[in-house]
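**Q** Encoded as structure tokens, here's the structure I'll be asking about.
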Amino acid sequence: MYLVSAELKFPPVENANEEGLLAVGGDLSPERLLLAYRNGIFPWFNDDAIIMWWSPDPRMILRPREVKISKSMRKVLKSDSFQLTKNKSFQEVIRNCSQIERKDQDGTWITQKMQNAYGKLHQMGKAVSYEVWQDTTLVGGLYGIDLGHVFCGESMFSTVSNASKFAFIKMAQELESKNYLMVDCQMYTDHLASLGAKEVPRETFLELLKGENKAGQ
């Protein structure tokens, strides 16, 4: 297993094991995090564990134009049930994401160290949040890293039905209007699949990450 040193460097993603684990160690400095995302790598680890860096194959992605909008969600989008903002309450969104209970998971990977690190990226304009409100109450949202042509989604939360779907769809529509190539959803979940995300070979993901918009993609 590759041990990350103080040097800003990662091994080739092809060196990841079957589960997608590529390396361990290092830190969560803005420079290292941005290097990781630009190379198709992301951190994911428990609070009491060493930092783990992942690059799974296959990779879950969404091409913005392929976002699925159900009939029920079309009604929600047309109504005034929710209001969307961007980068208004980044820390509240990431904190809420860290507190949501998730199936088959103890604790959270969104540790305080992670929250601090992504907060710094937000101050740099690299980490972005979308917030969903009902009146003045924050009821859902998501956050991730904006690479300019690819949005690397990190986590989403919802305290009322459809709030996170609303944020995800609105984000996808905005990214489509800006000609983004994909949303990196990292790993498969039924929820993401229901919204149009699909698994692709890591090689295809890396081509899109490099800005290579292949025919038919």
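Each chain in the structure tokens gets a letter, A, B, ..., in the order shown, and its residues are numbered from 1; ligands are numbered from 1 in order too.
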Got a sec: who's within 9 Å of Asp57 (chain A), counting only C-alpha atoms, leaving out chain neighbours fewer than 6 positions off, as a short mmCIF file (atom, residue, chain, number, x, y, z; two decimals) with all heavy atoms, in the first residue's frame?

**A**
```
data_model
loop_
_atom_site.label_atom_id
_atom_site.label_comp_id
_atom_site.auth_asym_id
_atom_site.auth_seq_id
_atom_site.Cartn_x
_atom_site.Cartn_y
_atom_site.Cartn_z
N ALA A 16 -4.66 1.31 -7.55
CA ALA A 16 -5.67 1.08 -6.51
C ALA A 16 -6.05 -0.40 -6.47
O ALA A 16 -6.02 -1.09 -7.49
CB ALA A 16 -6.91 1.93 -6.79
N GLU A 18 -8.77 -3.66 -5.52
CA GLU A 18 -10.10 -3.97 -6.07
C GLU A 18 -11.19 -3.10 -5.47
O GLU A 18 -12.18 -2.79 -6.12
CB GLU A 18 -10.43 -5.45 -5.85
CG GLU A 18 -9.61 -6.40 -6.71
CD GLU A 18 -10.06 -7.83 -6.58
OE1 GLU A 18 -11.08 -8.07 -5.88
OE2 GLU A 18 -9.42 -8.71 -7.17
N GLU A 19 -11.03 -2.71 -4.22
CA GLU A 19 -12.03 -1.86 -3.56
C GLU A 19 -11.87 -0.39 -3.94
O GLU A 19 -12.75 0.42 -3.63
CB GLU A 19 -11.92 -2.02 -2.05
CG GLU A 19 -12.30 -3.41 -1.55
CD GLU A 19 -12.21 -3.52 -0.04
OE1 GLU A 19 -11.48 -2.71 0.57
OE2 GLU A 19 -12.88 -4.39 0.53
N GLY A 20 -10.76 -0.05 -4.58
CA GLY A 20 -10.54 1.33 -4.97
C GLY A 20 -9.58 2.09 -4.09
O GLY A 20 -9.30 3.26 -4.34
N MET A 187 -19.23 6.73 -5.94
CA MET A 187 -19.58 5.32 -5.82
C MET A 187 -21.09 5.11 -5.91
O MET A 187 -21.87 6.00 -5.60
CB MET A 187 -19.04 4.76 -4.49
CG MET A 187 -17.53 4.90 -4.37
SD MET A 187 -16.86 4.38 -2.77
CE MET A 187 -16.93 2.61 -2.95
N GLU A 199 -22.65 3.98 -13.63
CA GLU A 199 -21.27 3.54 -13.46
C GLU A 199 -20.59 3.47 -14.82
O GLU A 199 -21.17 2.96 -15.78
CB GLU A 199 -21.21 2.18 -12.76
CG GLU A 199 -21.55 2.23 -11.29
CD GLU A 199 -21.35 0.90 -10.59
OE1 GLU A 199 -21.69 -0.14 -11.19
OE2 GLU A 199 -20.85 0.89 -9.46
N VAL A 200 -19.36 3.98 -14.89
CA VAL A 200 -18.56 3.89 -16.11
C VAL A 200 -17.18 3.39 -15.73
O VAL A 200 -16.76 3.51 -14.57
CB VAL A 200 -18.45 5.26 -16.82
CG1 VAL A 200 -19.82 5.78 -17.24
CG2 VAL A 200 -17.73 6.28 -15.95
N PRO A 201 -16.44 2.83 -16.69
CA PRO A 201 -15.06 2.43 -16.39
C PRO A 201 -14.25 3.63 -15.92
O PRO A 201 -14.47 4.76 -16.37
CB PRO A 201 -14.54 1.90 -17.74
CG PRO A 201 -15.77 1.51 -18.49
CD PRO A 201 -16.83 2.49 -18.07
N ARG A 202 -13.31 3.39 -15.03
CA ARG A 202 -12.47 4.49 -14.53
C ARG A 202 -11.77 5.21 -15.68
O ARG A 202 -11.60 6.43 -15.65
CB ARG A 202 -11.45 3.96 -13.52
CG ARG A 202 -10.55 5.06 -12.92
CD ARG A 202 -9.73 4.53 -11.76
NE ARG A 202 -8.96 3.37 -12.17
CZ ARG A 202 -8.58 2.38 -11.33
NH1 ARG A 202 -8.92 2.43 -10.06
NH2 ARG A 202 -7.88 1.37 -11.77
N GLU A 203 -11.39 4.48 -16.70
CA GLU A 203 -10.72 5.10 -17.85
C GLU A 203 -11.61 6.15 -18.51
O GLU A 203 -11.15 7.24 -18.87
CB GLU A 203 -10.34 4.01 -18.87
CG GLU A 203 -9.61 4.56 -20.10
CD GLU A 203 -9.24 3.46 -21.09
OE1 GLU A 203 -9.54 2.27 -20.81
OE2 GLU A 203 -8.66 3.80 -22.13
#
```

**Q** Need the shell around region 33-40 of chain A: protein/DNA/RNA residues with any atom at most 10 Å away, counting only C-alpha atoms. Skip same-chain ones fewer than 6 positions apart. Format as an NGL selection string?

**A** :A and (8-13 or 27 or 53-56 or 59 or 117-118 or 121 or 126-127 or 145-147 or 150-152 or 184 or 186 or 202 or 205-206 or 209-210)

**Q** Within 6 Å of Val4 (chain A), counting only C-alpha atoms, which residues qualify if same-chain residues fewer than 3 places away don't, as a list in words?

**A**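 After dropping sequence-adjacent residues, the list is Val24, Gly25 and Gly26 of chain A.
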
**Q** Keeping only N, CA, C and O atoms, write the selected residues as a short mmCIF file (atom, residue, chain, number, x, y, z; two decimals), in the first residue's frame.

**A**
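Output saved as again-v2.cif:
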```
data_model
loop_
_atom_site.label_atom_id
_atom_site.label_comp_id
_atom_site.auth_asym_id
_atom_site.auth_seq_id
_atom_site.Cartn_x
_atom_site.Cartn_y
_atom_site.Cartn_z
N VAL A 24 -2.65 5.76 1.56
CA VAL A 24 -3.02 6.18 2.91
C VAL A 24 -2.01 7.22 3.39
O VAL A 24 -0.88 7.28 2.91
N GLY A 25 -2.45 8.04 4.36
CA GLY A 25 -1.55 9.01 4.96
C GLY A 25 -1.69 10.39 4.35
O GLY A 25 -2.65 10.71 3.66
N GLY A 26 -0.69 11.22 4.62
CA GLY A 26 -0.72 12.58 4.11
C GLY A 26 -1.58 13.49 4.97
O GLY A 26 -1.80 13.23 6.16
#
```

**Q** Mind checking DSSP for region 34-84 of chain A and telling me the alpha helix (DSSP H) residues as a ChimeraX atom specification?

**A** /A:34-38,71-78

**Q** Would you mind exporting all heavy atoms of the selected residues as a short mmCIF file (atom, residue, chain, number, x, y, z; two decimals), in the first residue's frame?

**A**
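Output below, filename part_39.cif:
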```cif
data_model
loop_
_atom_site.label_atom_id
_atom_site.label_comp_id
_atom_site.auth_asym_id
_atom_site.auth_seq_id
_atom_site.Cartn_x
_atom_site.Cartn_y
_atom_site.Cartn_z
N LEU A 34 -6.92 19.38 -3.81
CA LEU A 34 -7.15 19.76 -5.20
C LEU A 34 -6.35 18.87 -6.15
O LEU A 34 -6.85 18.49 -7.22
CB LEU A 34 -6.79 21.24 -5.41
CG LEU A 34 -7.75 22.23 -4.77
CD1 LEU A 34 -7.22 23.66 -4.92
CD2 LEU A 34 -9.15 22.12 -5.37
N LEU A 35 -5.13 18.52 -5.78
CA LEU A 35 -4.33 17.59 -6.59
C LEU A 35 -5.06 16.25 -6.71
O LEU A 35 -5.12 15.66 -7.79
CB LEU A 35 -2.95 17.38 -5.95
CG LEU A 35 -2.05 16.37 -6.66
CD1 LEU A 35 -1.67 16.85 -8.04
CD2 LEU A 35 -0.80 16.09 -5.81
N ALA A 36 -5.63 15.80 -5.60
CA ALA A 36 -6.34 14.52 -5.60
C ALA A 36 -7.54 14.58 -6.56
O ALA A 36 -7.67 13.73 -7.45
CB ALA A 36 -6.80 14.18 -4.19
N TYR A 37 -8.40 15.56 -6.39
CA TYR A 37 -9.61 15.64 -7.22
C TYR A 37 -9.27 15.78 -8.71
O TYR A 37 -9.95 15.22 -9.56
CB TYR A 37 -10.50 16.79 -6.75
CG TYR A 37 -11.27 16.45 -5.50
CD1 TYR A 37 -10.87 16.92 -4.26
CD2 TYR A 37 -12.40 15.63 -5.55
CE1 TYR A 37 -11.56 16.60 -3.09
CE2 TYR A 37 -13.10 15.31 -4.40
CZ TYR A 37 -12.68 15.79 -3.17
OH TYR A 37 -13.37 15.45 -2.02
N ARG A 38 -8.23 16.54 -9.00
CA ARG A 38 -7.84 16.73 -10.41
C ARG A 38 -7.30 15.45 -11.03
O ARG A 38 -7.20 15.36 -12.25
CB ARG A 38 -6.82 17.86 -10.51
CG ARG A 38 -7.43 19.24 -10.28
CD ARG A 38 -6.38 20.31 -10.11
NE ARG A 38 -7.01 21.62 -9.89
CZ ARG A 38 -6.43 22.62 -9.22
NH1 ARG A 38 -5.21 22.46 -8.71
NH2 ARG A 38 -7.06 23.77 -9.07
N LYS A 71 -42.10 12.33 -12.57
CA LYS A 71 -43.31 13.16 -12.66
C LYS A 71 -43.56 13.91 -11.36
O LYS A 71 -43.94 15.09 -11.36
CB LYS A 71 -44.52 12.30 -13.02
CG LYS A 71 -44.51 11.78 -14.45
CD LYS A 71 -45.77 10.98 -14.74
CE LYS A 71 -45.80 10.49 -16.18
NZ LYS A 71 -47.04 9.70 -16.48
N SER A 72 -43.35 13.21 -10.26
CA SER A 72 -43.59 13.85 -8.96
C SER A 72 -42.60 14.99 -8.72
O SER A 72 -42.96 16.04 -8.18
CB SER A 72 -43.50 12.83 -7.83
OG SER A 72 -42.21 12.23 -7.79
N MET A 73 -41.34 14.79 -9.17
CA MET A 73 -40.35 15.85 -8.98
C MET A 73 -40.60 17.02 -9.93
O MET A 73 -40.30 18.17 -9.58
CB MET A 73 -38.94 15.31 -9.18
CG MET A 73 -38.37 14.60 -7.96
SD MET A 73 -38.44 15.59 -6.43
CE MET A 73 -37.46 17.03 -6.86
N ARG A 74 -41.17 16.76 -11.10
CA ARG A 74 -41.51 17.86 -12.00
C ARG A 74 -42.53 18.79 -11.34
O ARG A 74 -42.47 20.01 -11.50
CB ARG A 74 -42.04 17.31 -13.33
CG ARG A 74 -40.97 16.66 -14.18
CD ARG A 74 -41.47 16.26 -15.56
NE ARG A 74 -40.48 15.46 -16.26
CZ ARG A 74 -39.43 15.94 -16.90
NH1 ARG A 74 -39.24 17.25 -16.93
NH2 ARG A 74 -38.57 15.14 -17.50
N LYS A 75 -43.48 18.18 -10.61
CA LYS A 75 -44.47 18.97 -9.90
C LYS A 75 -43.81 19.81 -8.80
O LYS A 75 -44.16 20.97 -8.59
CB LYS A 75 -45.54 18.05 -9.30
CG LYS A 75 -46.43 17.37 -10.33
CD LYS A 75 -47.46 16.47 -9.66
CE LYS A 75 -48.34 15.78 -10.69
NZ LYS A 75 -49.33 14.87 -10.05
N VAL A 76 -42.84 19.18 -8.10
CA VAL A 76 -42.14 19.89 -7.04
C VAL A 76 -41.36 21.07 -7.62
O VAL A 76 -41.36 22.17 -7.06
CB VAL A 76 -41.18 18.94 -6.29
CG1 VAL A 76 -40.30 19.72 -5.31
CG2 VAL A 76 -41.97 17.87 -5.54
N LEU A 77 -40.69 20.84 -8.75
CA LEU A 77 -39.88 21.88 -9.38
C LEU A 77 -40.74 23.06 -9.84
O LEU A 77 -40.31 24.22 -9.82
CB LEU A 77 -39.10 21.31 -10.56
CG LEU A 77 -37.98 20.32 -10.21
CD1 LEU A 77 -37.50 19.59 -11.45
CD2 LEU A 77 -36.81 21.07 -9.55
N LYS A 78 -41.97 22.75 -10.27
CA LYS A 78 -42.86 23.81 -10.75
C LYS A 78 -43.54 24.56 -9.60
O LYS A 78 -44.05 25.67 -9.79
CB LYS A 78 -43.92 23.21 -11.67
CG LYS A 78 -43.37 22.75 -13.02
CD LYS A 78 -44.47 22.15 -13.88
CE LYS A 78 -43.93 21.69 -15.23
NZ LYS A 78 -45.00 21.07 -16.06
#
```

**Q** Which residues are near region 176-179 of chain A? Cut-off 8 Å, only C-alpha atoms, ignore same chain within fewer than 2 positions. Put them as a PyMOL selection string.

**A** chain A and resi 64-65+149+172-174+181

**Q** Using the selection just defined, write its residues with all heavy atoms as an mmCIF file, in the first residue's frame.

**A**
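Result file out36.cif:
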```
data_model
loop_
_atom_site.group_PDB
_atom_site.id
_atom_site.type_symbol
_atom_site.label_atom_id
_atom_site.label_comp_id
_atom_site.auth_asym_id
_atom_site.auth_seq_id
_atom_site.Cartn_x
_atom_site.Cartn_y
_atom_site.Cartn_z
ATOM 1 N N PRO A 64 -24.701 15.791 -16.872
ATOM 2 C CA PRO A 64 -25.783 16.692 -16.457
ATOM 3 C C PRO A 64 -27.050 16.611 -17.299
ATOM 4 O O PRO A 64 -28.157 16.674 -16.766
ATOM 5 C CB PRO A 64 -25.126 18.074 -16.544
ATOM 6 C CG PRO A 64 -23.695 17.807 -16.210
ATOM 7 C CD PRO A 64 -23.393 16.486 -16.873
ATOM 8 N N ARG A 65 -26.901 16.439 -18.612
ATOM 9 C CA ARG A 65 -28.091 16.405 -19.473
ATOM 10 C C ARG A 65 -28.918 15.143 -19.266
ATOM 11 O O ARG A 65 -30.053 15.054 -19.754
ATOM 12 C CB ARG A 65 -27.680 16.505 -20.947
ATOM 13 C CG ARG A 65 -26.925 15.278 -21.472
ATOM 14 C CD ARG A 65 -26.625 15.418 -22.960
ATOM 15 N NE ARG A 65 -25.947 14.242 -23.493
ATOM 16 C CZ ARG A 65 -24.642 14.064 -23.509
ATOM 17 N NH1 ARG A 65 -23.855 15.015 -23.007
ATOM 18 N NH2 ARG A 65 -24.100 12.980 -24.020
ATOM 19 N N HIS A 149 -15.063 22.295 -15.108
ATOM 20 C CA HIS A 149 -15.753 21.538 -16.158
ATOM 21 C C HIS A 149 -16.351 20.254 -15.603
ATOM 22 O O HIS A 149 -17.108 19.570 -16.263
ATOM 23 C CB HIS A 149 -14.789 21.192 -17.294
ATOM 24 C CG HIS A 149 -13.701 20.247 -16.904
ATOM 25 N ND1 HIS A 149 -12.743 20.559 -15.949
ATOM 26 C CD2 HIS A 149 -13.419 18.976 -17.299
ATOM 27 C CE1 HIS A 149 -11.924 19.525 -15.793
ATOM 28 N NE2 HIS A 149 -12.316 18.563 -16.593
ATOM 29 N N ALA A 172 -27.665 19.960 -11.445
ATOM 30 C CA ALA A 172 -27.416 19.358 -12.758
ATOM 31 C C ALA A 172 -27.867 20.285 -13.885
ATOM 32 O O ALA A 172 -27.174 20.429 -14.900
ATOM 33 C CB ALA A 172 -28.127 18.009 -12.857
ATOM 34 N N GLN A 173 -29.005 20.923 -13.710
ATOM 35 C CA GLN A 173 -29.503 21.851 -14.730
ATOM 36 C C GLN A 173 -28.577 23.051 -14.897
ATOM 37 O O GLN A 173 -28.319 23.499 -16.015
ATOM 38 C CB GLN A 173 -30.922 22.294 -14.371
ATOM 39 C CG GLN A 173 -31.959 21.183 -14.488
ATOM 40 C CD GLN A 173 -33.343 21.602 -14.024
ATOM 41 O OE1 GLN A 173 -33.491 22.493 -13.179
ATOM 42 N NE2 GLN A 173 -34.364 20.959 -14.560
ATOM 43 N N GLU A 174 -28.064 23.555 -13.792
ATOM 44 C CA GLU A 174 -27.114 24.669 -13.877
ATOM 45 C C GLU A 174 -25.834 24.232 -14.584
ATOM 46 O O GLU A 174 -25.318 24.943 -15.462
ATOM 47 C CB GLU A 174 -26.769 25.190 -12.478
ATOM 48 C CG GLU A 174 -25.752 26.330 -12.522
ATOM 49 C CD GLU A 174 -25.202 26.699 -11.150
ATOM 50 O OE1 GLU A 174 -25.896 26.468 -10.145
ATOM 51 O OE2 GLU A 174 -24.075 27.224 -11.103
ATOM 52 N N LEU A 181 -18.967 18.654 -18.119
ATOM 53 C CA LEU A 181 -18.951 17.321 -18.705
ATOM 54 C C LEU A 181 -19.599 16.279 -17.811
ATOM 55 O O LEU A 181 -20.185 15.320 -18.298
ATOM 56 C CB LEU A 181 -17.510 16.907 -19.030
ATOM 57 C CG LEU A 181 -16.781 17.789 -20.053
ATOM 58 C CD1 LEU A 181 -15.389 17.239 -20.312
ATOM 59 C CD2 LEU A 181 -17.573 17.872 -21.345
#
```

**Q** For the strand (DSSP E) assignment from backbone DSSP, which residues of chain A qualify? Please present them as a ChimeraX atom specification.

**A** /A:2-4,21-25,42-43,52-54,59-62,83-86,127-134,137-146,150-158,182-186,198-200

**Q** Using only C-alpha atoms, find the one residue out of A:Lys165, A:Lys88, A:Lys120, A:Lys68 that sits nearest to Lys198 (chain A).

**A**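 Looking only at the distances to Lys198 (chain A), the closest residue turns out to be A:Lys68.
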
**Q** Which residues come within 8 Å of Ser98 (chain A), counting only C-alpha atoms, excluding same-chain residues fewer than 3 positions away, as a PyMOL selection string?

**A** chain A and resi 94-95+108-111

**Q** Kindly export the residues of the current selection with N, CA, C and O atoms, as an mmCIF file, in the first residue's frame.

**A**
```
data_model
loop_
_atom_site.group_PDB
_atom_site.id
_atom_site.type_symbol
_atom_site.label_atom_id
_atom_site.label_comp_id
_atom_site.auth_asym_id
_atom_site.auth_seq_id
_atom_site.Cartn_x
_atom_site.Cartn_y
_atom_site.Cartn_z
ATOM 1 N N ILE A 94 -22.442 21.268 5.175
ATOM 2 C CA ILE A 94 -21.495 20.194 5.449
ATOM 3 C C ILE A 94 -21.716 19.625 6.852
ATOM 4 O O ILE A 94 -21.582 18.417 7.072
ATOM 5 N N ARG A 95 -22.101 20.468 7.785
ATOM 6 C CA ARG A 95 -22.387 19.974 9.131
ATOM 7 C C ARG A 95 -23.612 19.065 9.128
ATOM 8 O O ARG A 95 -23.615 18.007 9.760
ATOM 9 N N THR A 108 -19.400 8.916 10.835
ATOM 10 C CA THR A 108 -19.361 9.695 9.600
ATOM 11 C C THR A 108 -17.938 9.813 9.102
ATOM 12 O O THR A 108 -16.984 9.791 9.880
ATOM 13 N N TRP A 109 -17.793 9.910 7.759
ATOM 14 C CA TRP A 109 -16.477 10.204 7.205
ATOM 15 C C TRP A 109 -16.258 11.710 7.116
ATOM 16 O O TRP A 109 -15.153 12.172 6.855
ATOM 17 N N ILE A 110 -17.335 12.481 7.334
ATOM 18 C CA ILE A 110 -17.209 13.937 7.281
ATOM 19 C C ILE A 110 -16.811 14.407 8.675
ATOM 20 O O ILE A 110 -17.602 14.973 9.430
ATOM 21 N N THR A 111 -15.571 14.135 9.017
ATOM 22 C CA THR A 111 -15.051 14.443 10.342
ATOM 23 C C THR A 111 -14.863 15.947 10.499
ATOM 24 O O THR A 111 -15.000 16.719 9.546
#
```

**Q** What does the distance between CA of Leu21 (chain A) and CA of Gly144 (chain A) come to in Å, to one decimal place?

**A** 20.3 Å

**Q** Which distance in Å separates CA of Phe157 (chain A) and CA of Gln99 (chain A), to one decimal?

**A** 8.9 Å
